[in-house]
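Containing CSV, C-alpha atoms: input03.csv.
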chain,number,residue,atom,x,y,z
A,1,MET,CA,-35.5,-99.5,-136.5
A,2,ARG,CA,-37.0,-96.4,-134.8
A,3,ALA,CA,-35.9,-93.0,-136.0
A,4,TYR,CA,-34.2,-92.0,-132.7
A,5,GLU,CA,-31.9,-95.1,-133.0
A,6,ARG,CA,-30.8,-93.8,-136.3
A,7,LEU,CA,-30.2,-90.3,-134.8
A,8,LEU,CA,-28.0,-91.7,-132.1
A,9,LYS,CA,-25.8,-93.2,-134.8
A,10,TYR,CA,-25.7,-90.2,-137.2
A,11,ALA,CA,-25.1,-87.7,-134.3
A,12,ARG,CA,-21.7,-89.2,-133.6
A,13,VAL,CA,-20.5,-88.4,-137.1
A,14,PHE,CA,-18.7,-85.1,-137.2
A,15,THR,CA,-20.2,-83.1,-140.1
A,16,THR,CA,-19.9,-79.4,-139.1
A,17,SER,CA,-19.7,-77.1,-142.1
A,18,ASP,CA,-17.3,-74.2,-142.5
A,19,GLU,CA,-18.5,-70.7,-143.7
A,20,ASN,CA,-15.0,-69.7,-144.5
A,21,SER,CA,-14.4,-72.5,-147.0
A,22,ASP,CA,-14.7,-72.0,-150.7
A,23,THR,CA,-15.2,-75.7,-151.6
A,24,THR,CA,-18.3,-77.8,-152.0
A,25,PRO,CA,-18.9,-79.4,-149.6
A,26,SER,CA,-17.3,-76.9,-147.3
A,27,THR,CA,-15.8,-79.7,-145.2
A,28,ALA,CA,-14.8,-83.1,-146.6
A,29,ARG,CA,-16.0,-84.8,-143.4
A,30,GLN,CA,-19.6,-84.5,-144.6
A,31,PHE,CA,-18.8,-87.3,-147.0
A,32,ASP,CA,-18.5,-89.6,-144.0
A,33,LEU,CA,-22.2,-89.4,-143.3
A,34,ALA,CA,-23.1,-89.3,-146.9
A,35,ARG,CA,-21.4,-92.6,-147.7
A,36,MET,CA,-22.9,-94.1,-144.5
A,37,LEU,CA,-26.4,-93.0,-145.7
A,38,VAL,CA,-26.0,-94.4,-149.2
A,39,GLU,CA,-25.0,-97.8,-147.8
A,40,GLU,CA,-27.9,-97.8,-145.4
A,41,MET,CA,-30.3,-96.7,-148.2
A,42,LYS,CA,-29.2,-99.7,-150.3
A,43,GLN,CA,-29.6,-102.0,-147.4
A,44,ILE,CA,-33.3,-101.1,-146.9
A,45,GLY,CA,-34.0,-101.4,-150.6
A,46,ILE,CA,-33.4,-98.0,-152.2
A,47,GLU,CA,-31.6,-99.4,-155.2
A,48,ASP,CA,-30.6,-96.1,-156.9
A,49,ALA,CA,-29.0,-94.5,-153.8
A,50,ARG,CA,-25.9,-92.5,-154.6
A,51,VAL,CA,-23.7,-89.6,-153.6
A,52,ASP,CA,-22.3,-87.2,-156.1
A,53,ASP,CA,-18.9,-85.4,-156.1
A,54,LYS,CA,-20.4,-82.4,-154.2
A,55,CYS,CA,-21.8,-84.6,-151.4
A,56,TYR,CA,-25.4,-84.6,-152.4
A,57,VAL,CA,-27.1,-87.9,-151.6
A,58,TYR,CA,-30.0,-89.0,-153.8
A,59,GLY,CA,-32.4,-91.9,-153.8
A,60,SER,CA,-35.9,-92.8,-154.7
A,61,ILE,CA,-38.7,-95.4,-154.1
A,62,PRO,CA,-40.7,-96.1,-157.3
A,63,ALA,CA,-44.5,-95.7,-157.2
A,64,THR,CA,-46.4,-98.8,-156.5
A,65,GLU,CA,-48.4,-100.4,-159.3
A,66,GLY,CA,-51.3,-98.2,-160.3
A,67,MET,CA,-49.9,-95.1,-158.6
A,68,GLU,CA,-47.6,-94.0,-161.4
A,69,LYS,CA,-49.6,-90.8,-162.0
A,70,VAL,CA,-49.5,-89.6,-158.4
A,71,PRO,CA,-47.1,-86.6,-158.1
A,72,ALA,CA,-43.5,-87.6,-157.2
A,73,ILE,CA,-43.0,-86.1,-153.7
A,74,GLY,CA,-39.6,-85.2,-152.3
A,75,PHE,CA,-38.3,-85.2,-148.8
A,76,ILE,CA,-35.0,-83.3,-148.0
A,77,ALA,CA,-32.8,-83.0,-144.9
A,78,HIS,CA,-29.3,-81.7,-144.5
A,79,MET,CA,-26.2,-83.5,-143.2
A,80,ASP,CA,-24.1,-80.7,-141.8
A,81,THR,CA,-24.3,-79.2,-138.3
A,82,ALA,CA,-24.0,-75.6,-137.4
A,83,PRO,CA,-20.5,-74.0,-136.8
A,84,ASP,CA,-22.0,-72.0,-133.9
A,85,PHE,CA,-21.0,-74.6,-131.3
A,86,CYS,CA,-18.8,-77.7,-131.1
A,87,GLY,CA,-20.0,-80.5,-133.3
A,88,ALA,CA,-17.2,-83.0,-132.7
A,89,GLY,CA,-17.3,-85.8,-130.2
A,90,VAL,CA,-21.1,-85.8,-129.8
A,91,ALA,CA,-22.2,-88.2,-127.1
A,92,PRO,CA,-26.0,-88.3,-127.0
A,93,GLN,CA,-27.5,-88.8,-123.5
A,94,ILE,CA,-30.7,-90.9,-123.2
A,95,HIS,CA,-33.2,-90.1,-120.4
A,96,GLU,CA,-35.9,-92.7,-120.2
A,97,ASN,CA,-39.4,-91.8,-118.9
A,98,TYR,CA,-38.5,-88.1,-118.5
A,99,ASP,CA,-40.1,-86.7,-115.3
A,100,GLY,CA,-40.5,-83.1,-116.4
A,101,GLY,CA,-37.8,-81.7,-114.2
A,102,GLU,CA,-34.3,-80.3,-114.7
A,103,VAL,CA,-31.7,-82.5,-116.5
A,104,ALA,CA,-28.0,-82.2,-115.8
A,105,LEU,CA,-26.1,-82.2,-119.0
A,106,GLY,CA,-23.2,-84.6,-118.3
A,107,GLN,CA,-20.4,-83.0,-116.2
A,108,SER,CA,-20.6,-79.7,-118.0
A,109,GLY,CA,-22.4,-77.8,-115.2
A,110,ARG,CA,-25.1,-76.9,-117.7
A,111,VAL,CA,-28.7,-77.8,-116.9
A,112,LEU,CA,-31.6,-78.3,-119.3
A,113,SER,CA,-34.5,-76.5,-117.6
A,114,PRO,CA,-38.3,-76.4,-118.3
A,115,GLU,CA,-38.2,-72.9,-117.1
A,116,MET,CA,-36.1,-71.9,-120.1
A,117,PHE,CA,-37.6,-74.5,-122.5
A,118,PRO,CA,-41.3,-74.8,-121.5
A,119,ARG,CA,-42.1,-77.4,-124.2
A,120,LEU,CA,-40.3,-79.9,-122.0
A,121,LYS,CA,-43.5,-80.1,-119.9
A,122,GLU,CA,-45.1,-81.8,-123.0
A,123,ARG,CA,-42.3,-84.4,-122.9
A,124,ILE,CA,-43.1,-86.0,-119.6
A,125,GLY,CA,-43.0,-89.8,-119.8
A,126,GLN,CA,-41.1,-89.7,-123.1
A,127,THR,CA,-37.6,-90.8,-124.0
A,128,LEU,CA,-35.6,-87.6,-123.9
A,129,ILE,CA,-32.3,-87.3,-125.8
A,130,THR,CA,-29.9,-84.5,-124.9
A,131,THR,CA,-26.2,-83.6,-125.3
A,132,ASP,CA,-23.6,-84.0,-122.5
A,133,GLY,CA,-23.3,-80.2,-122.4
A,134,SER,CA,-20.0,-80.0,-124.2
A,135,THR,CA,-21.3,-80.2,-127.8
A,136,LEU,CA,-24.5,-79.6,-129.8
A,137,LEU,CA,-26.6,-82.7,-130.6
A,138,GLY,CA,-27.0,-82.4,-134.3
A,139,ALA,CA,-30.7,-83.2,-134.4
A,140,ASP,CA,-30.7,-80.2,-136.7
A,141,ASP,CA,-30.8,-81.9,-139.1
A,142,LYS,CA,-29.8,-85.5,-138.5
A,143,ALA,CA,-33.2,-86.0,-136.9
A,144,GLY,CA,-34.8,-85.1,-140.2
A,145,ILE,CA,-32.5,-87.5,-142.0
A,146,ALA,CA,-33.4,-90.3,-139.5
A,147,GLU,CA,-37.1,-89.6,-139.9
A,148,ILE,CA,-37.0,-89.7,-143.7
A,149,MET,CA,-34.9,-92.9,-143.6
A,150,THR,CA,-37.3,-94.6,-141.2
A,151,ALA,CA,-40.3,-93.6,-143.2
A,152,ALA,CA,-38.7,-94.9,-146.4
A,153,GLU,CA,-38.0,-98.3,-144.7
A,154,LYS,CA,-41.6,-98.5,-143.5
A,155,LEU,CA,-42.8,-97.6,-146.9
A,156,ILE,CA,-40.9,-100.4,-148.5
A,157,GLU,CA,-41.6,-103.0,-145.8
A,158,GLY,CA,-45.3,-102.1,-145.4
A,159,LYS,CA,-46.2,-102.3,-149.1
A,160,ILE,CA,-48.2,-99.0,-148.6
A,161,PRO,CA,-49.7,-97.7,-151.9
A,162,HIS,CA,-47.8,-94.6,-152.8
A,163,GLY,CA,-46.5,-92.4,-155.6
A,164,LYS,CA,-42.8,-92.0,-156.2
A,165,MET,CA,-40.8,-90.9,-153.1
A,166,CYS,CA,-37.7,-88.8,-153.9
A,167,ILE,CA,-35.0,-88.4,-151.2
A,168,ALA,CA,-32.2,-86.0,-151.0
A,169,PHE,CA,-29.7,-85.2,-148.2
A,170,THR,CA,-27.7,-82.0,-148.7
A,171,PRO,CA,-24.4,-80.5,-147.4
A,172,ASP,CA,-23.8,-77.0,-146.1
A,173,GLU,CA,-27.3,-75.9,-145.3
A,174,GLU,CA,-26.1,-74.2,-142.1
A,175,ILE,CA,-23.9,-71.9,-144.1
A,176,GLY,CA,-26.6,-71.0,-146.6
A,177,SER,CA,-25.5,-73.0,-149.6
A,178,GLY,CA,-27.2,-76.4,-149.3
A,179,ALA,CA,-29.7,-75.8,-152.1
A,180,GLU,CA,-27.3,-74.4,-154.6
A,181,ASP,CA,-26.1,-77.6,-156.3
A,182,LEU,CA,-29.1,-79.9,-155.8
A,183,ASP,CA,-29.8,-81.4,-159.2
A,184,LEU,CA,-33.5,-80.9,-159.5
A,185,GLU,CA,-33.8,-83.1,-162.6
A,186,ARG,CA,-31.9,-85.9,-160.9
A,187,PHE,CA,-34.0,-85.5,-157.7
A,188,GLY,CA,-37.2,-85.9,-159.8
A,189,ALA,CA,-39.8,-84.5,-157.5
A,190,ALA,CA,-42.8,-82.4,-158.5
A,191,PHE,CA,-42.7,-80.7,-155.1
A,192,ALA,CA,-40.9,-81.5,-151.8
A,193,TYR,CA,-40.8,-80.9,-148.0
A,194,THR,CA,-37.7,-80.2,-146.0
A,195,LEU,CA,-37.7,-81.8,-142.5
A,196,ASP,CA,-35.7,-79.1,-140.8
A,197,GLY,CA,-38.0,-77.5,-138.2
A,198,ASP,CA,-38.4,-78.0,-134.5
A,199,TYR,CA,-41.9,-78.7,-133.1
A,200,GLU,CA,-43.2,-82.0,-134.6
A,201,ALA,CA,-46.6,-80.6,-135.6
A,202,GLN,CA,-45.0,-77.8,-137.6
A,203,VAL,CA,-46.0,-77.2,-141.2
A,204,VAL,CA,-44.5,-73.9,-142.3
A,205,PHE,CA,-44.4,-72.0,-145.6
A,206,GLU,CA,-43.0,-68.6,-144.4
A,207,THR,CA,-39.4,-67.8,-143.7
A,208,PHE,CA,-37.3,-64.7,-143.2
A,209,ASN,CA,-35.8,-62.7,-146.0
A,210,ALA,CA,-32.1,-62.9,-145.1
A,211,ALA,CA,-28.8,-61.2,-145.7
A,212,ALA,CA,-25.3,-61.2,-144.2
A,213,ALA,CA,-23.7,-57.8,-143.7
A,214,LYS,CA,-20.1,-57.0,-142.9
A,215,PHE,CA,-18.5,-53.6,-142.2
A,216,GLU,CA,-14.7,-53.3,-142.7
A,217,ILE,CA,-13.3,-50.2,-140.9
A,218,ASN,CA,-9.9,-48.7,-141.7
A,219,GLY,CA,-8.5,-46.6,-138.9
A,220,PHE,CA,-5.7,-44.1,-138.6
A,221,ASN,CA,-3.4,-44.8,-135.7
A,222,ILE,CA,-1.3,-42.1,-134.1
A,223,HIS,CA,0.1,-41.4,-130.7
A,224,PRO,CA,-2.9,-40.4,-128.5
A,225,GLY,CA,-1.1,-37.3,-127.3
A,226,GLU,CA,-1.1,-36.0,-130.9
A,227,ALA,CA,-4.5,-37.5,-131.9
A,228,LYS,CA,-6.6,-34.3,-132.0
A,229,ASN,CA,-8.6,-34.3,-135.3
A,230,LYS,CA,-6.2,-37.0,-136.7
A,231,MET,CA,-6.9,-40.3,-135.1
A,232,ILE,CA,-9.5,-42.6,-136.5
A,233,ASN,CA,-10.1,-45.4,-133.9
A,234,ALA,CA,-11.5,-48.3,-136.0
A,235,ALA,CA,-12.5,-50.2,-132.8
A,236,LEU,CA,-14.5,-47.2,-131.6
A,237,LEU,CA,-16.2,-46.8,-135.0
A,238,ALA,CA,-17.2,-50.4,-134.8
A,239,ALA,CA,-18.9,-49.7,-131.5
A,240,GLN,CA,-20.6,-46.6,-133.0
A,241,ILE,CA,-22.0,-48.7,-135.9
A,242,VAL,CA,-23.5,-51.2,-133.4
A,243,ASN,CA,-25.0,-48.3,-131.4
A,244,SER,CA,-26.5,-46.7,-134.5
A,245,LEU,CA,-28.9,-49.6,-134.8
A,246,PRO,CA,-32.2,-49.9,-132.9
A,247,ALA,CA,-31.4,-51.3,-129.5
A,248,PHE,CA,-34.3,-53.7,-129.4
A,249,ASP,CA,-34.2,-55.0,-132.9
A,250,THR,CA,-32.3,-58.0,-131.8
A,251,PRO,CA,-33.2,-61.8,-131.7
A,252,ARG,CA,-33.7,-61.6,-128.0
A,253,ASP,CA,-36.3,-58.9,-128.2
A,254,THR,CA,-38.3,-60.0,-131.3
A,255,GLU,CA,-40.7,-62.9,-132.2
A,256,LEU,CA,-43.1,-64.1,-134.9
A,257,TYR,CA,-43.0,-61.7,-137.8
A,258,GLU,CA,-40.7,-59.1,-136.2
A,259,GLY,CA,-37.3,-58.8,-137.9
A,260,PHE,CA,-33.9,-58.0,-136.4
A,261,PHE,CA,-30.2,-57.1,-136.8
A,262,HIS,CA,-28.1,-59.8,-135.2
A,263,LEU,CA,-24.6,-58.9,-134.3
A,264,THR,CA,-22.6,-62.1,-135.0
A,265,GLY,CA,-19.0,-60.8,-134.6
A,266,ILE,CA,-17.0,-57.7,-133.7
A,267,GLU,CA,-13.2,-57.5,-133.6
A,268,GLY,CA,-10.3,-55.2,-134.2
A,269,ASP,CA,-8.1,-52.5,-132.8
A,270,VAL,CA,-7.3,-48.8,-133.6
A,271,GLU,CA,-5.9,-49.7,-137.0
A,272,HIS,CA,-8.6,-52.0,-138.3
A,273,ALA,CA,-11.9,-53.5,-137.2
A,274,SER,CA,-14.8,-55.4,-138.6
A,275,VAL,CA,-18.5,-55.8,-137.6
A,276,SER,CA,-20.7,-58.6,-138.9
A,277,PHE,CA,-24.5,-58.9,-138.8
A,278,ILE,CA,-27.2,-61.1,-140.1
A,279,VAL,CA,-30.3,-59.2,-141.2
A,280,ARG,CA,-33.7,-60.8,-141.1
A,281,ASP,CA,-37.3,-59.8,-141.8
A,282,HIS,CA,-40.4,-61.5,-143.1
A,283,SER,CA,-41.6,-58.4,-144.9
A,284,PRO,CA,-39.8,-57.7,-148.1
A,285,GLU,CA,-40.3,-53.9,-147.6
A,286,MET,CA,-38.9,-54.0,-144.1
A,287,PHE,CA,-36.0,-56.2,-145.3
A,288,GLU,CA,-35.1,-53.6,-147.9
A,289,SER,CA,-35.4,-50.9,-145.3
A,290,ARG,CA,-33.0,-52.7,-143.0
A,291,LYS,CA,-30.4,-53.0,-145.7
A,292,THR,CA,-30.9,-49.3,-146.6
A,293,THR,CA,-30.2,-48.4,-142.9
A,294,LEU,CA,-26.9,-50.2,-143.0
A,295,HIS,CA,-25.8,-48.5,-146.2
A,296,HIS,CA,-26.8,-45.1,-144.7
A,297,ILE,CA,-24.6,-45.8,-141.7
A,298,ALA,CA,-21.7,-46.5,-143.9
A,299,LYS,CA,-22.3,-43.4,-146.0
A,300,LEU,CA,-22.4,-41.1,-142.9
A,301,MET,CA,-19.2,-42.7,-141.5
A,302,ASN,CA,-17.4,-42.0,-144.7
A,303,GLU,CA,-18.7,-38.5,-145.0
A,304,ARG,CA,-17.4,-37.8,-141.4
A,305,TYR,CA,-14.1,-39.7,-141.5
A,306,GLY,CA,-13.2,-39.8,-145.1
A,307,GLU,CA,-14.1,-41.9,-148.1
A,308,GLY,CA,-12.9,-45.5,-147.8
A,309,THR,CA,-12.9,-45.5,-144.0
A,310,VAL,CA,-15.9,-47.9,-144.0
A,311,THR,CA,-16.7,-50.5,-146.5
A,312,LEU,CA,-20.0,-52.4,-146.3
A,313,THR,CA,-20.7,-55.7,-148.0
A,314,VAL,CA,-24.2,-57.1,-148.0
A,315,ARG,CA,-24.8,-60.6,-149.3
A,316,GLU,CA,-28.4,-61.8,-149.8
A,317,GLN,CA,-28.8,-65.3,-148.5
A,318,TYR,CA,-32.4,-66.3,-149.2
A,319,ARG,CA,-35.9,-64.9,-149.7
A,320,ASN,CA,-39.2,-65.6,-147.9
A,321,MET,CA,-40.5,-68.7,-149.7
A,322,ALA,CA,-44.1,-67.6,-149.1
A,323,GLU,CA,-43.8,-65.3,-152.1
A,324,LYS,CA,-43.8,-68.5,-154.3
A,325,LEU,CA,-45.6,-71.1,-152.2
A,326,ILE,CA,-48.7,-69.0,-152.1
A,327,ASP,CA,-49.4,-70.4,-155.6
A,328,HIS,CA,-48.9,-74.0,-154.4
A,329,MET,CA,-50.8,-74.1,-151.1
A,330,HIS,CA,-52.2,-77.6,-151.6
A,331,ILE,CA,-48.7,-78.8,-150.5
A,332,VAL,CA,-49.1,-77.0,-147.2
A,333,GLU,CA,-52.8,-77.8,-146.7
A,334,ASN,CA,-52.4,-81.5,-147.3
A,335,ALA,CA,-49.6,-81.7,-144.8
A,336,ARG,CA,-51.7,-79.8,-142.3
A,337,GLU,CA,-54.6,-82.3,-142.8
A,338,VAL,CA,-52.2,-85.2,-142.1
A,339,VAL,CA,-51.1,-83.6,-138.9
A,340,ARG,CA,-54.7,-83.2,-137.9
A,341,SER,CA,-55.4,-86.8,-138.7
A,342,LEU,CA,-52.7,-87.8,-136.3
A,343,GLY,CA,-54.5,-85.9,-133.5
A,344,ARG,CA,-52.5,-82.6,-133.4
A,345,GLU,CA,-53.2,-79.1,-134.6
A,346,PRO,CA,-50.6,-78.0,-137.1
A,347,ASP,CA,-48.3,-75.2,-136.0
A,348,GLY,CA,-47.9,-72.6,-138.8
A,349,SER,CA,-45.8,-70.1,-137.0
A,350,PRO,CA,-43.3,-68.5,-139.5
A,351,VAL,CA,-39.8,-69.9,-139.5
A,352,ARG,CA,-37.5,-67.4,-137.8
A,353,GLY,CA,-34.7,-68.5,-140.1
A,354,GLY,CA,-34.5,-70.3,-143.4
A,355,THR,CA,-34.2,-73.8,-144.9
A,356,ASP,CA,-33.0,-75.3,-148.0
A,357,GLY,CA,-36.6,-75.1,-149.0
A,358,SER,CA,-36.3,-71.3,-149.2
A,359,ARG,CA,-33.9,-71.4,-152.1
A,360,LEU,CA,-35.3,-74.5,-153.7
A,361,THR,CA,-38.7,-72.8,-153.9
A,362,PHE,CA,-37.2,-69.9,-155.7
A,363,ARG,CA,-35.4,-72.4,-158.0
A,364,GLY,CA,-38.8,-73.8,-159.0
A,365,LEU,CA,-39.3,-76.7,-156.6
A,366,PRO,CA,-42.1,-75.7,-154.1
A,367,CYS,CA,-40.8,-76.8,-150.7
A,368,PRO,CA,-42.4,-76.0,-147.4
A,369,ASN,CA,-40.9,-77.1,-144.1
A,370,LEU,CA,-41.9,-79.8,-141.6
A,371,GLY,CA,-40.9,-80.2,-137.9
A,372,THR,CA,-38.5,-82.8,-136.6
A,373,GLY,CA,-39.5,-82.8,-133.0
A,374,GLY,CA,-36.3,-81.1,-131.6
A,375,ASP,CA,-35.7,-77.9,-129.7
A,376,ALA,CA,-32.8,-75.5,-128.8
A,377,PHE,CA,-30.8,-76.2,-131.9
A,378,HIS,CA,-27.2,-75.1,-132.5
A,379,GLY,CA,-26.0,-75.3,-128.9
A,380,PRO,CA,-25.5,-77.5,-125.9
A,381,TYR,CA,-29.1,-77.4,-124.8
A,382,GLU,CA,-30.4,-79.1,-128.0
A,383,HIS,CA,-32.8,-81.9,-127.2
A,384,ILE,CA,-35.4,-84.2,-128.8
A,385,THR,CA,-37.6,-87.1,-127.9
A,386,ALA,CA,-38.0,-90.5,-129.5
A,387,GLU,CA,-41.8,-90.1,-129.5
A,388,ALA,CA,-41.7,-86.7,-131.3
A,389,MET,CA,-39.5,-88.3,-134.0
A,390,ASP,CA,-42.0,-91.2,-134.3
A,391,PHE,CA,-44.7,-88.6,-135.0
A,392,CYS,CA,-42.7,-87.0,-137.7
A,393,VAL,CA,-42.2,-90.3,-139.4
A,394,GLU,CA,-46.0,-90.8,-139.4
A,395,VAL,CA,-46.3,-87.3,-141.0
A,396,VAL,CA,-44.1,-88.3,-143.9
A,397,LEU,CA,-45.9,-91.5,-144.4
A,398,GLY,CA,-49.3,-89.7,-144.1
A,399,ILE,CA,-48.4,-87.2,-146.8
A,400,LEU,CA,-47.5,-90.0,-149.2
A,401,LYS,CA,-50.7,-91.9,-148.4
A,402,ARG,CA,-52.8,-88.8,-148.7
A,403,TYR,CA,-51.6,-87.9,-152.2
A,404,ALA,CA,-52.0,-91.6,-153.2
A,405,SER,CA,-55.6,-91.5,-152.1
A,406,LEU,CA,-56.2,-88.3,-154.0
A,407,GLY,CA,-54.9,-89.9,-157.2
Just give me the structure as structure tokens.
Amino acid sequence: MRAYERLLKYARVFTTSDENSDTTPSTARQFDLARMLVEEMKQIGIEDARVDDKCYVYGSIPATEGMEKVPAIGFIAHMDTAPDFCGAGVAPQIHENYDGGEVALGQSGRVLSPEMFPRLKERIGQTLITTDGSTLLGADDKAGIAEIMTAAEKLIEGKIPHGKMCIAFTPDEEIGSGAEDLDLERFGAAFAYTLDGDYEAQVVFETFNAAAAKFEINGFNIHPGEAKNKMINAALLAAQIVNSLPAFDTPRDTELYEGFFHLTGIEGDVEHASVSFIVRDHSPEMFESRKTTLHHIAKLMNERYGEGTVTLTVREQYRNMAEKLIDHMHIVENAREVVRSLGREPDGSPVRGGTDGSRLTFRGLPCPNLGTGGDAFHGPYEHITAEAMDFCVEVVLGILKRYASLG
């Protein structure tokens, strides 16, 4: 079975996580895919496949005879889809022999355009998979799951010499907690790779430093005719907080190593309001500076309007894994050599986000990120090709072969 065929099956399973939940997994529906994967893993010959009570799926393929001393290599992908856009009722659309032009996304009125997504020009002649415009696709990260599963099946069927292959599928990556309860001893890998990127030739060891920030604003409501020096309009203060930040430090206006403040929510009225941001920067110094800026805004607001008017909560989410991976660069360099051996130049552009690998690396499991072949994740324009997924399968197999050849 090709990887894209698995993706078509997995994409239809509703697995969106919930950032407001306090359970693990955050949504019980993630077990639906977990159980499906365990059954499929057993069918292809992964005898120890299992899912635990927190919805982490584990499995392994033992080293072939004579390869027992080769490092055990892990491959990880996540089962949940992002809560940013509808993840229920996904109906993947297949476009054979893509011609390089615009693609209408079902009856939604949305159009997938190479003007907006230039990489589509590289997909001419390939089998393009899109949404119908009403949901996301879920290739982030069900494509990664499909590629790992397909590589595992090929590994078993092809009798390829290899060290131990360790597999894990995690819940709740999209809400930042996918790596928290992964049992590293049970997983059993010396190092690992997440398949959670986009471009198929991607081999990345740098991520953002990341935090979530929320301002809670308590206003004082009084008749506007009597408001002089009395009213505190919480909604207006929310707008002032947003306007206090650099106007062009936004995701739309930044790239590569440039950080940002991303406004993710603003709501309220005169009495009470809240403003939510995610804060990102590759530089640890700039990351700290951005958090300091937010605390300074809260301080000035309280000095002007009274202590307790504004409360700021900053929650750190993950750190730039380059801080730790710099001491384990063989993992990155060997993956890059595999990509080159397959006729492509590896893309090392820093991840403008994070992966489970960010937190796992800081937990002691070095874990760079590989591409899955998709694009425009988290929304209705998400797309991928069968051929890009095939390439990613070969990258996984190539890494296992390379370490086996190195002994």
- Task: Write out as an NGL selection string each polymer residue whose atoms come within 9 Å of A:Asn97, counting only C-alpha atoms; drop sequence neighbours fewer than 5 positions from it.
- Result: :A and (123-128)
- Message: Just want the 12 Å neighbourhood of A:Phe31, counted on all atoms listed in the file, with same-chain residues fewer than 4 positions away dropped. Output as a list in words.
- Response: Val13, Phe14, Thr15, Thr16, Ser17, Thr24, Pro25, Ser26, Thr27, Arg35, Met36, Leu37, Val38, Arg50, Val51, Asp52, Asp53, Lys54, Cys55, Tyr56, Val57, Met79, Asp80, Phe169, Thr170, Pro171 and Asp172 of chain A
Would you write out, as a tab-separated table, a table of all residues in stretch 324-363 of chain A that have an atom no more than 9 Å from an atom of stretch 185-193 of chain A, listing for each the closest atom pair and the distance in Å to one decimal, considering all atoms listed in the file and ordering rows by chain and rising residue number?
residue	atom	partner	partner_atom	distance
A:Ile331	CA	A:Phe191	CA	7.8
A:Gly357	CA	A:Tyr193	CA	7.2
A:Thr361	CA	A:Phe191	CA	8.9
- Task: With a distance cut-off of 10 Å and only C-alpha atoms, select the neighbouring residues of A:Asp84, excluding the residue or stretch itself and same-chain residues fewer than 6 positions from it, and output the selection as a list in words.
- Result: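 Here the qualifying residues turn out to be Thr16, Ser17, Leu136, Glu174, Thr264, Phe377, His378 and Gly379 of chain A.
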Dump of C-alpha atoms for the selected residues, as a PDB file, keeping the file's coordinate frame:
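Now in selection-v3.pdb:
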ATOM      1  CA  THR A  16     -19.900 -79.400-139.100  1.00  0.00           C
ATOM      2  CA  SER A  17     -19.700 -77.100-142.100  1.00  0.00           C
ATOM      3  CA  LEU A 136     -24.500 -79.600-129.800  1.00  0.00           C
ATOM      4  CA  GLU A 174     -26.100 -74.200-142.100  1.00  0.00           C
ATOM      5  CA  THR A 264     -22.600 -62.100-135.000  1.00  0.00           C
ATOM      6  CA  PHE A 377     -30.800 -76.200-131.900  1.00  0.00           C
ATOM      7  CA  HIS A 378     -27.200 -75.100-132.500  1.00  0.00           C
ATOM      8  CA  GLY A 379     -26.000 -75.300-128.900  1.00  0.00           C
TER       9      GLY A 379
END
- Message: Could you check the closest approach to A:His282 for each of A:Gly306, A:Leu325, A:Val351, A:Glu216 and tell me which residue wins, using all atoms listed in the file?
- Response: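 Result for the nearest residue to A:His282: A:Val351.
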- Computed interatomic separation between atom CA of A:His262 and atom CA of A:Ala210 (Å):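 Taking atom CA of A:His262 as the start and atom CA of A:Ala210 as the end point, the length is 11.1 Å.
In this model, the gap between atom CA of A:Asp183 and atom CA of A:Glu153 comes to 23.7 Å.
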- Task: Would you list the residues near (-48.2, -88.5, -146.8), meaning any protein, DNA or RNA residue with an atom at most 12 Å from that point in file coordinates, counting all atoms listed in the file, as JSON, numbers by chain?
- Result: {"A": [70, 71, 72, 73, 74, 75, 148, 151, 152, 155, 160, 161, 162, 163, 164, 165, 192, 193, 331, 332, 333, 334, 335, 336, 337, 338, 339, 341, 342, 370, 392, 393, 394, 395, 396, 397, 398, 399, 400, 401, 402, 403, 404, 405, 406]}
- Message: Could you tell me how far atom CA of A:Pro346 sits from atom CA of A:Phe117, in Å to one decimal place?
- Response: 19.9 Å
- Using all atoms listed in the file, which residues sit within 10 Å of A:Ala247 once same-chain residues fewer than 6 positions away are excluded, as a list in words? Asp253, Phe260 and Phe261 of chain A
- Task: Could you please give me, as a PyMOL selection string, the residues of protein, DNA or RNA lying at most 10 Å from (-27.4, -74.5, -149.0) in the coordinate frame of the file, considering all atoms listed in the file?
- Result: chain A and resi 25+78+170-182+317-318+354-360
- Message: Residues within 6 Å of stretch 233-244 of chain A, please, as a ChimeraX atom specification. Count only C-alpha atoms; anything in the same chain fewer than 5 positions from it doesn't count.
- Response: /A:217-219,268-273
- Task: Would you please work out which residue, of A:Gly89, A:Gly133, A:Gly66, A:Gly138, is nearest to A:Ala11 when using all atoms listed in the file?
- Result: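 That would be A:Gly138, the residue with the smallest distance to A:Ala11.
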- May I ask which of the residues A:Gly158, A:Pro83, A:Gly407, A:Pro224 is the closest one to A:Met67, counting all atoms listed in the file?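 Closest residue, counting all atoms listed in the file: A:Gly407.
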- Query: Which one of A:Glu5, A:Glu40, A:Glu267, A:Glu345 sits closest to A:Phe215 if you count only C-alpha atoms?
  - Reply: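 Among A:Glu5, A:Glu40, A:Glu267, A:Glu345, it is A:Glu267 that comes nearest to A:Phe215.
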